[in-house]
Protein chains: 2
Amino acid sequence: MNITEQKISIEKVKQSKINQVDFDNLSFGSVFADHMLVCDYKDGKWEAPKVVPYQPIVLDPSSKIFHYGQSIFEGMKAYKDVNNDTWLFRPLENQKRLNVSAKRMAIPEIPEDYFMEGLKTLLKVDEQWIPKNEGSSLYIRPFIFATGQGFHASPADEYKFIISCAPSGAYFSGKVKVLIEEKYSRSANGGVGYAKAGGNYAGQFYPTQLAVAKGYNQVIWTDDNTHEYIEEAGAMNIFVRINDTLITGPTSDRILDGITRKSILEIAKDEGITTEVRKITVAEVIAAAKDGSLKEMFGAGTAAVISPIATFGYRDVDYDLPENEDSMATKLKKRITDIQYNKTEDTFGWRYKV
Amino acid sequence: MNITEQKISIEKVKQSKINQVDFDNLSFGSVFADHMLVCDYKDGKWEAPKVVPYQPIVLDPSSKIFHYGQSIFEGMKAYKDVNNDTWLFRPLENQKRLNVSAKRMAIPEIPEDYFMEGLKTLLKVDEQWIPKNEGSSLYIRPFIFATGQGFHASPADEYKFIISCAPSGAYFSGKVKVLIEEKYSRSANGGVGYAKAGGNYAGQFYPTQLAVAKGYNQVIWTDDNTHEYIEEAGAMNIFVRINDTLITGPTSDRILDGITRKSILEIAKDEGITTEVRKITVAEVIAAAKDGSLKEMFGAGTAAVISPIATFGYRDVDYDLPENEDSMATKLKKRITDIQYNKTEDTFGWRYKV
C-alpha cells in the first residue's frame with residue numbers, strides 16, 4: 001500500500017495541553033506534544049499510520065521489547081523560521097538510517113512514504129508545538145520496538161513504529177568535560193555499534209556514571225581491542241582540530257554514521273577548512289595537547305548539534321583546551337543552525353519544507 | 001524494609017485459565033501462568049512486591065525501555081518431583097547474577113529477600129501451573145526494565161521488576177546444526193556481554209537469521225577481535241570434548257557466567273571427567289574434527305539444559321560429530337536433571353525446596 005497524507009487518519013485531543021508549557025524554559029525531551037504517530041506491524045506488514053492523542057502504550061508482559069531489546073530510534077528536529085514556516089533537516093537521511101538499524105536488529109524496515117507522510121501529517125497537527133524561541137526546536141523521536149510475545153529468544157512477529165515530539169531547549173549547557181575511557185567499551189567489531197539500537201545507550205550509562213563521579217560529563221569511547229583509537233563522544237561523533245586541520249574518525253560497524261557529522265564535514269570543506277577522515281589515536285591527541293597544536297575538540301549530533309569540549313581527562317591527567325577566537329566549532333555550529341532555521345541560503349539542498 | 005511472605009499482597013484471578021492449557025503439548029515460553037509478581041522502583045527505592053493477575057503493562061511512550069534499552073532478565077525453572085514437591089535449582093545464583101547485570105546496565109539492584117520471597121510466594125499461588133510431565137517444567141522469567149520517562153539519554157528514575165512464569169516443554173528438539181561465525185560478533189571487550197541484557201539478544205537475531213537461511217539452527221560466536229576463539233553458542237555456553245577431556249572457555253566480560261555451565265563443570269569433576277577451562281581456538285576444533293579426536297560439542301543453558309551439536313559449519317565446510325555410546329552430554333544432562341527433579345541425591349546442595 002502506498003501511503004499518502006489522505007490515508008492517514010487523525011484523531012485529535014479533546015483539550016490541548018500546550019497552555020501548560022513554558023516555552024521560554026524548555027529542557028530537553030521532557031514535555032511531549034499533544035499527538036503521536038502510531039503504525040503497527042502485524043501479519044507480515046505495516047498497517048496504515050495514524051495520528052492519535054499522545055497516550056500510554058499497553059503491552060503484554062511477554063512482549064519481546066522487555067526481554068530481548070529489539071528497539072531502534074532516530075533523533076530529528078523541526079525548526080520554525082521568521083515567516084512561521086516549518087523546516088526539517090535532511091529527514092530522508094534519518095529514514096534511511098532507521099532502516100539500516102532495523103535490518104541489523106532484525107526489525108522490519110519502514111517504507112519511506114509511511115515515515116515521511118506520517119511525519120509531515122503529525123507536524124501539521126502539532127504545528128503549534130514547534131518552538132519559535134532562538135535555540136529551541138521541536139525534537140522528533142521516531143522509534144520502533146518489538147511488541148510480539150513469547151519468551152523464546154527470537155525476533156518478534158509484531159512491532160510498533162511511533163513518532164513522538166518534544167519541544168526542547170539545549171541538550172548540554174555549560175562547559176563539557178570528558179574522560180577518555182580505557183576499560184569499558186561501547187561496541188564490538190561485527191556488533192551493533194553503527195545502529196541506533198536501544199541497548200547501545202544502556203550499555204554506556206554505567207561507565208558514564210563512573211566518569212560523572214570523577215567530575216566529568218561524558219565519556220570518550222575508544223576501540224574495544226587496543227583502546228588506542230578515539231571513536232565516539234558519549235552519544236555523539238567526535239571531531240578534533242589539530243592546528244588548522246579538522247579530523248574525525250571514519251565510520252565503521254562500531255561507529256554511528258552521524259548526519260550532523262557528515263554535514264559538518266561538507267560545511268567545513270565549503271568553508272575552506274582542511275578536513276581529514278581517518279583514525280585518531282589517543283597518543284596524537286595527548287601529544288597535540290602538550291605541544292599546543294590541539295586547538296579544539298567537539299562532539300556532533302542532532303540533540304546537541306555541536307558540543308565544544310573544554311577539558312578532557314586521560315589516565316588521571318586533565319588537559320584543558322584553549323579558548324579560540326576563531327573557533328571552528330562556533331563557526332560550523334552557526335552555519336549549520338542558520339541552514340536549519342532558514343536564516344541563510346542552503347547550497348547543499350538539506351533543508352526540507354513541511 | 002525487609003520483605004517476608006506476609007508482606008507480599010496477593011490479588012488472585014477471578015477465573016483461572018489453566019484448563020485451557022494442554023500440558024501434554026507444551027512449547028517453550030508461549031503460555032503464561034495466571035499470576036505475576038510486580039515490584040516498582042520509585043523515589044529511590046523498591047516498593048513492596050505484590051502478586052497480581054497476569055495483565056498488560058501500561059507505559060508512557062517516553063519510557064526509557066523503548067529508547068535506551070535498559071532491560072535485564074534471568075531464566076530459571078521450577079520442577080515437580082513424584083511427591084508433588086516443588087524445587088528450584090540454585091536460585092540464589094540467578095538472584096546474584098540479576099544484580100551483576102543490573103549494575104552494568106545502571107539499573108538499581110533488587111534485594112535478595114524481595115527476589116526470593118516474591119518468587120516463592122508467586123510459585124505457591126501458581127503451584128498448579130508447574131508441569132508434572134517428564135521433561136517439562138515451569139520456566140520462570142524474572143526481568144527488570146526502565147519505566148522512567150524522557151528522551152534524555154541517561155538512566156531512568158523508575159523501574160519495574162516482574163516475575164512471570166510459563167509452563168514449558170523442550171527448548172530445542174532434533175539435531176542442532178551450528179555455524180561458526182566470523183563476521184558478526186556478540187560482545188566487546190569492556191562491553192555488556194557478561195550481563196543478561198536485552199540488547200545482547202536482539203544483536204544476535206540478524207546474524208542468526210543469516211545462518212538459518214544457510215540451513216543452520218544457531219551461531220557459534222567467536223571473539224570480536226581475531227575470530228580465532230570460540231566463545232558462546234547462541235544464547236548458551238559451549239563445551240567441546242576432545243578425546244576424553246571436556247573443555248569450556250573461561251568466563252570474561254564478553255561471556256555469560258552460566259549457572260548450567262558451572263554446574264556441569266562440577267558434575268563432570270565429580271564423575272571423574274577431566275575438565276579444562278581455557279580458551280578454545282577454532283583451529284584446534286577443526287583439527288580435532290579432522291583427526292577424529294573431536295567427540296562431542298554441546299551448548300549449556302537453563303532453557304535447553306544441554307543441547308548436543310550434531311554438525312558445525314566453518315568456512316563453507318560442514319563437520320559432522322560422531323554418535324557416541326558413552327556420550328558425556330547424555331550422562332551430564334541426566335545427572336543434572338535428576339538433581340533438578342529430585343530423582344537423585346544432591347551432594348552439591350543445589351536443590352532448593354519451595
# chains A, B, ... in the order shown; residues from 1 in each chain; ligands from 1

$ select_by_dssp --residues "segment 99-180 of chain A" --states "helix (DSSP H, G or I)" --output "ChimeraX atom specification"
/A:99-104,112-125,127-129

$ write_last_selection --atoms "N, CA and C atoms" --output "short mmCIF file (atom, residue, chain, number, x, y, z; two decimals), in the first residue's frame"
data_model
loop_
_atom_site.label_atom_id
_atom_site.label_comp_id
_atom_site.auth_asym_id
_atom_site.auth_seq_id
_atom_site.Cartn_x
_atom_site.Cartn_y
_atom_site.Cartn_z
N ASN A 99 16.23 2.43 8.86
CA ASN A 99 16.14 1.11 8.22
C ASN A 99 17.46 0.34 8.25
N VAL A 100 18.57 1.06 8.26
CA VAL A 100 19.87 0.39 8.47
C VAL A 100 19.88 -0.26 9.86
N SER A 101 19.41 0.51 10.85
CA SER A 101 19.31 -0.03 12.22
C SER A 101 18.33 -1.20 12.27
N ALA A 102 17.20 -1.04 11.58
CA ALA A 102 16.16 -2.07 11.59
C ALA A 102 16.73 -3.40 11.09
N LYS A 103 17.44 -3.34 9.99
CA LYS A 103 17.99 -4.56 9.39
C LYS A 103 18.92 -5.28 10.38
N ARG A 104 19.80 -4.52 11.03
CA ARG A 104 20.76 -5.15 11.94
C ARG A 104 20.09 -5.75 13.16
N GLU A 112 9.53 4.36 3.08
CA GLU A 112 9.80 5.81 3.10
C GLU A 112 8.51 6.63 3.20
N ASP A 113 7.46 6.22 2.47
CA ASP A 113 6.24 7.04 2.48
C ASP A 113 5.51 6.95 3.82
N TYR A 114 5.60 5.80 4.50
CA TYR A 114 4.99 5.70 5.83
C TYR A 114 5.67 6.67 6.79
N PHE A 115 7.00 6.71 6.68
CA PHE A 115 7.78 7.58 7.56
C PHE A 115 7.53 9.05 7.22
N MET A 116 7.72 9.43 5.97
CA MET A 116 7.68 10.84 5.60
C MET A 116 6.26 11.42 5.63
N GLU A 117 5.29 10.69 5.08
CA GLU A 117 3.92 11.22 5.10
C GLU A 117 3.38 11.24 6.52
N GLY A 118 3.74 10.21 7.29
CA GLY A 118 3.33 10.17 8.70
C GLY A 118 3.91 11.34 9.47
N LEU A 119 5.20 11.58 9.27
CA LEU A 119 5.86 12.68 9.99
C LEU A 119 5.27 14.03 9.61
N LYS A 120 5.07 14.26 8.31
CA LYS A 120 4.53 15.56 7.88
C LYS A 120 3.12 15.77 8.42
N THR A 121 2.31 14.72 8.40
CA THR A 121 0.94 14.84 8.92
C THR A 121 0.97 15.18 10.41
N LEU A 122 1.83 14.49 11.15
CA LEU A 122 1.94 14.75 12.59
C LEU A 122 2.38 16.19 12.85
N LEU A 123 3.37 16.66 12.08
CA LEU A 123 3.88 18.02 12.31
C LEU A 123 2.84 19.08 11.98
N LYS A 124 1.98 18.79 11.02
CA LYS A 124 0.92 19.76 10.71
C LYS A 124 -0.10 19.82 11.84
N VAL A 125 -0.43 18.65 12.40
CA VAL A 125 -1.40 18.60 13.50
C VAL A 125 -0.84 19.29 14.74
N GLU A 127 1.62 21.58 14.83
CA GLU A 127 2.48 22.70 14.41
C GLU A 127 2.71 23.72 15.52
N GLN A 128 1.69 23.97 16.34
CA GLN A 128 1.82 24.97 17.40
C GLN A 128 2.88 24.58 18.43
N TRP A 129 3.26 23.30 18.43
CA TRP A 129 4.24 22.81 19.42
C TRP A 129 5.69 23.08 19.00
#

$ residues_around --residues "Val282 of chain B" --least-positions-apart "4" --cutoff "12 Å" --atoms "only C-alpha atoms" --output "list in words"
Leu179, Ile180, Glu181, Glu182, Ile220, Trp221, Thr222, Asp223, Thr226, His227, Glu228, Tyr229, Ile230, Glu231, Val240, Gly249, Ile286, Ala287, Ala288, Ala289, Phe312, Gly313, Tyr314 and Arg315 of chain B

$ interface_residues --of "chain B" --to "chain A" --cutoff "6 Å" --atoms "only C-alpha atoms" --output "PyMOL selection string"
chain B and resi 29-30+56-60+67-70+104-106+150-151+183-185+187-191+198-199+201-203+205-206+224

$ select_by_dssp --residues "segment 36-131 of chain A" --states "strand (DSSP E)" --output "MDAnalysis selection string"
chainID A and resid 36:42 45:46 50:53 57:59 71:73 76:80 86:89

$ residues_around --residues "Asn84 of chain A" --least-positions-apart "2" --cutoff "12 Å" --atoms "only C-alpha atoms" --output "list in words"
Ala78, Tyr79, Lys80, Asp81, Val82, Thr86, Trp87, Glu127, Gln128, Ile130, Pro131, Lys132, Asn133, Tyr341, Asn342, Lys353 and Val354 of chain A

$ atom_distance --atom1 "atom CA of Tyr159 of chain A" --atom2 "atom CA of Gly44 of chain A"
10.0 Å

$ residues_around --residues "Ala304 of chain B" --least-positions-apart "3" --cutoff "12 Å" --atoms "only C-alpha atoms" --output "ChimeraX atom specification"
/A:152-153 /B:28,75-77,135-137,139,168-174,176,233-237,260-261,298-301,307-308,333,337

$ atom_distance --atom1 "atom CA of Arg97 of chain B" --atom2 "atom CA of Ser252 of chain B"
13.8 Å

$ residues_around --residues "Leu246 of chain A" --least-positions-apart "3" --cutoff "12 Å" --atoms "only C-alpha atoms" --output "MDAnalysis selection string"
chainID A and resid 238:243 249 261 264:269 271:278 280 293:298 327:329 332

$ write_last_selection --atoms "C-alpha atoms" --output "short mmCIF file (atom, residue, chain, number, x, y, z; two decimals), in the first residue's frame"
data_model
loop_
_atom_site.label_atom_id
_atom_site.label_comp_id
_atom_site.auth_asym_id
_atom_site.auth_seq_id
_atom_site.Cartn_x
_atom_site.Cartn_y
_atom_site.Cartn_z
CA ILE A 238 33.80 13.39 17.80
CA PHE A 239 35.90 15.97 15.98
CA VAL A 240 39.46 17.03 16.80
CA ARG A 241 41.15 20.16 15.47
CA ILE A 242 44.96 19.95 15.32
CA ASN A 243 46.44 23.25 14.13
CA GLY A 249 37.22 9.12 12.65
CA ARG A 261 28.92 14.58 11.44
CA ILE A 264 29.86 19.30 9.30
CA LEU A 265 32.42 17.65 7.04
CA GLU A 266 30.71 19.13 3.97
CA ILE A 267 30.30 22.57 5.51
CA ALA A 268 33.93 22.59 6.66
CA LYS A 269 35.10 21.81 3.11
CA GLU A 271 34.40 26.96 4.34
CA GLY A 272 37.86 26.05 3.06
CA ILE A 273 38.79 24.14 6.21
CA THR A 274 41.16 21.21 5.67
CA THR A 275 39.41 18.04 6.84
CA GLU A 276 40.69 14.53 7.40
CA VAL A 277 38.59 11.41 7.92
CA ARG A 278 40.98 8.92 9.49
CA ILE A 280 42.62 9.29 15.56
CA SER A 293 48.69 22.16 18.41
CA LEU A 294 45.41 20.76 19.77
CA LYS A 295 43.08 23.70 19.28
CA GLU A 296 39.58 22.22 19.65
CA MET A 297 37.61 19.07 20.32
CA PHE A 298 33.85 18.84 19.97
CA SER A 327 36.68 28.65 16.94
CA MET A 328 35.72 26.21 14.20
CA ALA A 329 33.02 24.81 16.50
CA LEU A 332 30.37 25.49 11.99
#
